[in-house]
Amino acid sequence: MFSNRIISDFQHNSPHPLAGLIFNTYLHCGWCNVPQPNVRCRTDYHGACTLNQLQVTTTGWMDHLRAIYESSRYAMVIIKRCKLAESIVPMGRFLEAIGVLYDDVTFQHYHEPVLPITSRMVFESIALSSAPRLTQLAITPNGHLQRLYIVESGINHVPATVLKLPRLQMLGIERSPIRVLDLGLVCGLPSLRTLQLSRNEVSLLLPAPSDTTCANRDLRDLHLDRNRLTVLDVALFAPFASTLTRLLLDQNGLRSVRSSRTIEFPRLTLLTLDGNNLSSVDIAQLHLPARVSIFLADNQFKQVPPLSSDSIPDLQHVYLTHNGLRTLDLATFGVHRHLDGFYFADNQLETVGASRHLELVNVTSIDLARNRLETFSLANCSFPALASVSLANNRLRYVPADMFLANVGPSLHVIITHNPVRCSSVQQNMQLFIHPTLPKLTGTVLAVCHAPYNGSIGMPWMDKLNSICCLDE
């Protein structure tokens with residue numbers, strides 16, 4: 001199997017030329033003829049056939065493309081300039097013609113107001129990497145197209161004509177002024193697996209008419225990140241609950257997330273709510289039985305939100321970095337037996353501990369960097385797989401040596417860089433810093449210690465040029 005790709009600067013006889021046309025195809029042959037002499041391949045780029053110009057007129061241009069198609073000598077074909085005269089070869093006819101040879105087409109720059117998708121086009125994929133003047137999709141029934149991806153366009157809604165693309169598996173429109181998403185249209189696309197509407201202006205979701213009448217039973221990835229949603233009822237996604245695996249809602253400005261009724265998402269493995277304005281979430285009515293990761297970083301949480309093991313029995317990751325947490329009782333996570341770590345960096349934590357015995361055999365890492373901790377202990381904790389703890393950029397005055405006496409992994413490594421650790425404490429625990437092959441502790445190590453440090457302890461057994469910086473009492 002061979003793959004040919006064409007990249008070109010595409011010039012249309014209008015004030016706004018098209019540029020960067022890419023074609024992809026897969027050839028099922030053992031060998032193919034080399035390009036005809038008039039194609040004049042150059043080797044400006046390694047592994048590519050470079051053509052200075054392709055003139056799209058009434059004759060000749062298809063012969064050039066066919067010669068490229070029939071060549072397996074190059075992995076890529078680059079057309080520096082491709083001229084299309086609309087009066088001779090309209091855009092629709094041009095796309096229909098090249099679709100005979102190529103499965104996928106990508107315009108790196110598309111400057112036309114309309115993208116025609118006709119019934120005679122046999123592309124599997126159409127992508128527009130930049131289409132600032134595009135405002136309309138002229139779609140007629142097409143049983144071939146499986147992927148449509150548009151970035152940076154003037155399209156302000158998902159048109160109802162997408163329902164004329166029954167084999168569409170991936171629909172993506174990004175960086176466009178879309179404000180409303182009708183989930184009923186999503187229901188009308190029976191083959192759709194991925195809906196990618198990131199970085200738009202969506203502030204309103206219109207519900208599908210009914211869960212039972214939804215023709216789509218295959219939607220897996222729903223990307224609504226970087227939009228303008230402020231309030232969300234997760235029950236709106238009920239028509240797709242049986243198949244959704246990833247739901248991305250980060251960086252929207254969400255202030256409220258809830259579910260107005262009980263829903264089970266049996267396959268959901270990723271829920272992202274990072275970068276919103278959430279101080280709480282009400283997801284008690286969501287049942288997430290699969291092993292799931294929940295991202296809640298960069299919000300307004302002052303305390304850990306309730307994450308019940310009854311509704312989330314197999315929680316693997318929960319990220320609450322960049323919030324306003326002040327205290328943390330690790331014991332509240334004891335019901336989540338598959339949790340693999342604690343990620344609470346960049347909060348305002350002053351106290352972290354376990355109020356009762358806590359055993360989690362899958363925890364491998366704890367990240368508490370950039371908080372306000374003066375002490376830290378693993379008392380009451382049993383983490384036999386724990387391999388990494390970051391306490392960097394806190395207010396520790398003493399080396400947390402007792403951590404190594406707890407039930408932790410044999411190769412546990414603790415980072416305490418950028419803490420005001422006393423020199424006496426460093427000296428007492430020097431053996432933890434200077435292990436010849438695998439030191440257990442990493443402190444602030446510099447050639448010359450400077451403020452806020454006023455002391456240093458050399459490491460002659462390991463590094464004669466640097467010292468561990470510390471504070472003299």
# chains A, B, ... in the order shown; residues from 1 in each chain; ligands from 1
>>> select_by_dssp(residues="stretch 79-322 of chain A", states="alpha helix (DSSP H)", output="JSON, numbers by chain")
{"A": [91, 92, 93, 94, 95, 96, 97, 98, 183, 184, 185, 186, 187]}
>>> write_last_selection(atoms="N, CA and C atoms", output="tab-separated table (two decimals), in the first residue's frame")
chain	number	residue	atom	x	y	z
A	91	MET	N	-15.86	25.17	-8.99
A	91	MET	CA	-15.31	24.47	-7.84
A	91	MET	C	-15.94	23.11	-7.64
A	92	GLY	N	-17.28	23.03	-7.79
A	92	GLY	CA	-17.95	21.75	-7.61
A	92	GLY	C	-17.45	20.70	-8.58
A	93	ARG	N	-17.33	21.08	-9.85
A	93	ARG	CA	-16.85	20.13	-10.87
A	93	ARG	C	-15.41	19.75	-10.62
A	94	PHE	N	-14.61	20.70	-10.17
A	94	PHE	CA	-13.20	20.43	-9.88
A	94	PHE	C	-13.08	19.38	-8.78
A	95	LEU	N	-13.84	19.55	-7.70
A	95	LEU	CA	-13.78	18.60	-6.60
A	95	LEU	C	-14.31	17.23	-7.01
A	96	GLU	N	-15.36	17.23	-7.83
A	96	GLU	CA	-15.87	15.96	-8.32
A	96	GLU	C	-14.82	15.22	-9.14
A	97	ALA	N	-14.07	15.96	-9.95
A	97	ALA	CA	-13.07	15.35	-10.83
A	97	ALA	C	-11.91	14.75	-10.03
A	98	ILE	N	-11.37	15.51	-9.08
A	98	ILE	CA	-10.21	15.00	-8.35
A	98	ILE	C	-10.61	13.90	-7.37
A	183	LEU	N	-28.99	19.63	19.40
A	183	LEU	CA	-28.63	18.22	19.58
A	183	LEU	C	-29.53	17.29	18.77
A	184	GLY	N	-30.67	17.82	18.31
A	184	GLY	CA	-31.52	17.03	17.42
A	184	GLY	C	-30.84	16.70	16.12
A	185	LEU	N	-30.01	17.63	15.60
A	185	LEU	CA	-29.25	17.35	14.38
A	185	LEU	C	-28.25	16.23	14.60
A	186	VAL	N	-27.65	16.21	15.79
A	186	VAL	CA	-26.69	15.15	16.10
A	186	VAL	C	-27.40	13.81	16.11
A	187	CYS	N	-28.60	13.80	16.66
A	187	CYS	CA	-29.39	12.56	16.65
A	187	CYS	C	-29.69	12.08	15.24
>>> residues_around(residues="stretch 325-338 of chain A", least_positions_apart="4", cutoff="10 Å", atoms="only C-alpha atoms", output="VMD selection string")
chain A and resid 291 to 292 300 to 304 306 to 310 312 to 317 320 to 321 342 344 to 363 371 to 373 378 380 to 381
>>> closest_residue(among="A:Leu101, A:Met459, A:Leu148, A:Leu339", to="A:His64", atoms="only C-alpha atoms")
A:Leu101
>>> residues_around(residues="A:Ser365", least_positions_apart="3", cutoff="8 Å", atoms="only C-alpha atoms", output="PyMOL selection string")
chain A and resi 340-342+386-389
>>> residues_around(residues="A:Gly253", least_positions_apart="3", cutoff="12 Å", atoms="only C-alpha atoms", output="list in words")
Glu201, Val202, Ser203, Leu224, Asp225, Arg226, Asn227, Arg228, Leu229, Thr230, Val231, Leu232, Leu249, Asp250, Ser256, Val257, Leu273, Asp274, Gly275, Asn276, Asn277, Leu278, Ser279, Asp298, Asn299 and Gln300 of chain A
>>> write_last_selection(atoms="N, CA, C and O atoms", output="tab-separated table (two decimals), in the first residue's frame")
chain	number	residue	atom	x	y	z
A	201	GLU	N	-18.43	29.75	19.88
A	201	GLU	CA	-19.12	30.67	20.79
A	201	GLU	C	-20.41	30.07	21.31
A	201	GLU	O	-21.37	30.78	21.63
A	202	VAL	N	-20.47	28.75	21.40
A	202	VAL	CA	-21.70	28.05	21.79
A	202	VAL	C	-22.07	28.42	23.23
A	202	VAL	O	-21.30	28.19	24.17
A	203	SER	N	-23.26	28.98	23.39
A	203	SER	CA	-23.77	29.32	24.72
A	203	SER	C	-25.11	28.66	25.01
A	203	SER	O	-25.61	28.78	26.12
A	224	LEU	N	-16.93	20.02	23.39
A	224	LEU	CA	-17.56	21.33	23.50
A	224	LEU	C	-16.69	22.27	24.34
A	224	LEU	O	-17.18	23.22	24.93
A	225	ASP	N	-15.42	21.99	24.38
A	225	ASP	CA	-14.48	22.80	25.15
A	225	ASP	C	-14.25	24.15	24.48
A	225	ASP	O	-14.42	24.30	23.28
A	226	ARG	N	-13.89	25.14	25.30
A	226	ARG	CA	-13.54	26.49	24.85
A	226	ARG	C	-14.71	27.17	24.13
A	226	ARG	O	-14.56	27.73	23.06
A	227	ASN	N	-15.89	27.05	24.72
A	227	ASN	CA	-17.06	27.75	24.22
A	227	ASN	C	-17.55	28.72	25.29
A	227	ASN	O	-16.74	29.19	26.11
A	228	ARG	N	-18.84	29.03	25.32
A	228	ARG	CA	-19.36	30.04	26.25
A	228	ARG	C	-20.55	29.52	27.06
A	228	ARG	O	-21.43	30.28	27.46
A	229	LEU	N	-20.56	28.25	27.33
A	229	LEU	CA	-21.61	27.68	28.18
A	229	LEU	C	-21.39	28.14	29.62
A	229	LEU	O	-20.27	28.11	30.12
A	230	THR	N	-22.46	28.54	30.29
A	230	THR	CA	-22.34	28.97	31.69
A	230	THR	C	-23.13	28.07	32.63
A	230	THR	O	-22.78	27.93	33.80
A	231	VAL	N	-24.22	27.47	32.16
A	231	VAL	CA	-25.04	26.57	32.95
A	231	VAL	C	-25.27	25.31	32.12
A	231	VAL	O	-25.59	25.40	30.94
A	232	LEU	N	-25.11	24.15	32.74
A	232	LEU	CA	-25.24	22.91	31.97
A	232	LEU	C	-26.03	21.87	32.75
A	232	LEU	O	-25.72	21.55	33.91
A	249	LEU	N	-15.66	19.56	28.30
A	249	LEU	CA	-16.40	20.79	28.59
A	249	LEU	C	-15.51	21.84	29.24
A	249	LEU	O	-16.00	22.77	29.89
A	250	ASP	N	-14.21	21.71	29.11
A	250	ASP	CA	-13.29	22.63	29.78
A	250	ASP	C	-13.28	24.00	29.11
A	250	ASP	O	-13.60	24.16	27.94
A	256	SER	N	-22.36	26.38	36.75
A	256	SER	CA	-23.21	25.33	37.31
A	256	SER	C	-23.22	24.12	36.40
A	256	SER	O	-23.43	24.24	35.19
A	257	VAL	N	-22.98	22.95	37.00
A	257	VAL	CA	-23.09	21.67	36.29
A	257	VAL	C	-23.93	20.75	37.16
A	257	VAL	O	-23.60	20.50	38.32
A	273	LEU	N	-13.70	19.28	33.00
A	273	LEU	CA	-14.37	20.51	33.39
A	273	LEU	C	-13.34	21.55	33.84
A	273	LEU	O	-13.66	22.46	34.60
A	274	ASP	N	-12.11	21.41	33.38
A	274	ASP	CA	-11.05	22.35	33.72
A	274	ASP	C	-11.38	23.76	33.26
A	274	ASP	O	-12.11	23.96	32.27
A	275	GLY	N	-10.82	24.75	33.93
A	275	GLY	CA	-10.85	26.12	33.44
A	275	GLY	C	-12.23	26.74	33.38
A	275	GLY	O	-12.51	27.54	32.49
A	276	ASN	N	-13.10	26.39	34.33
A	276	ASN	CA	-14.42	27.01	34.41
A	276	ASN	C	-14.51	27.86	35.68
A	276	ASN	O	-13.49	28.20	36.27
A	277	ASN	N	-15.72	28.22	36.08
A	277	ASN	CA	-15.93	29.02	37.29
A	277	ASN	C	-16.72	28.23	38.33
A	277	ASN	O	-17.56	28.78	39.03
A	278	LEU	N	-16.42	26.96	38.44
A	278	LEU	CA	-17.18	26.08	39.31
A	278	LEU	C	-16.66	26.13	40.74
A	278	LEU	O	-15.46	26.01	40.98
A	279	SER	N	-17.59	26.28	41.68
A	279	SER	CA	-17.24	26.14	43.10
A	279	SER	C	-17.87	24.88	43.67
A	279	SER	O	-17.56	24.47	44.79
A	298	ASP	N	-8.30	24.31	37.83
A	298	ASP	CA	-8.47	25.70	37.46
A	298	ASP	C	-9.93	26.14	37.56
A	298	ASP	O	-10.51	26.67	36.62
A	299	ASN	N	-10.52	25.91	38.74
A	299	ASN	CA	-11.87	26.35	39.04
A	299	ASN	C	-11.86	27.16	40.33
A	299	ASN	O	-10.83	27.74	40.69
A	300	GLN	N	-12.98	27.18	41.04
A	300	GLN	CA	-13.10	27.99	42.25
A	300	GLN	C	-13.43	27.12	43.48
A	300	GLN	O	-14.03	27.62	44.43
>>> select_by_dssp(residues="stretch 353-393 of chain A", states="strand (DSSP E)", output="list of chain:residue names")
A:Gly353, A:Leu358, A:Glu359, A:Ser365, A:Ile366, A:Asp367, A:Cys381, A:Ser382, A:Phe383, A:Ser388, A:Val389, A:Ser390
>>> write_last_selection(atoms="C-alpha atoms", output="compact mmCIF listing (two decimals), in the first residue's frame")
# COMPACT_ATOMS: atom_id res chain seq x y z
CA GLY A 353 -3.39 14.41 56.19
CA LEU A 358 -6.27 4.84 54.45
CA GLU A 359 -5.00 2.09 52.17
CA SER A 365 2.09 9.76 42.89
CA ILE A 366 1.13 12.71 45.08
CA ASP A 367 1.49 16.27 43.76
CA CYS A 381 -1.59 6.07 55.08
CA SER A 382 -0.65 2.85 53.32
CA PHE A 383 0.40 3.42 49.72
CA SER A 388 6.73 10.05 43.74
CA VAL A 389 5.75 12.93 46.01
CA SER A 390 6.21 16.58 45.06
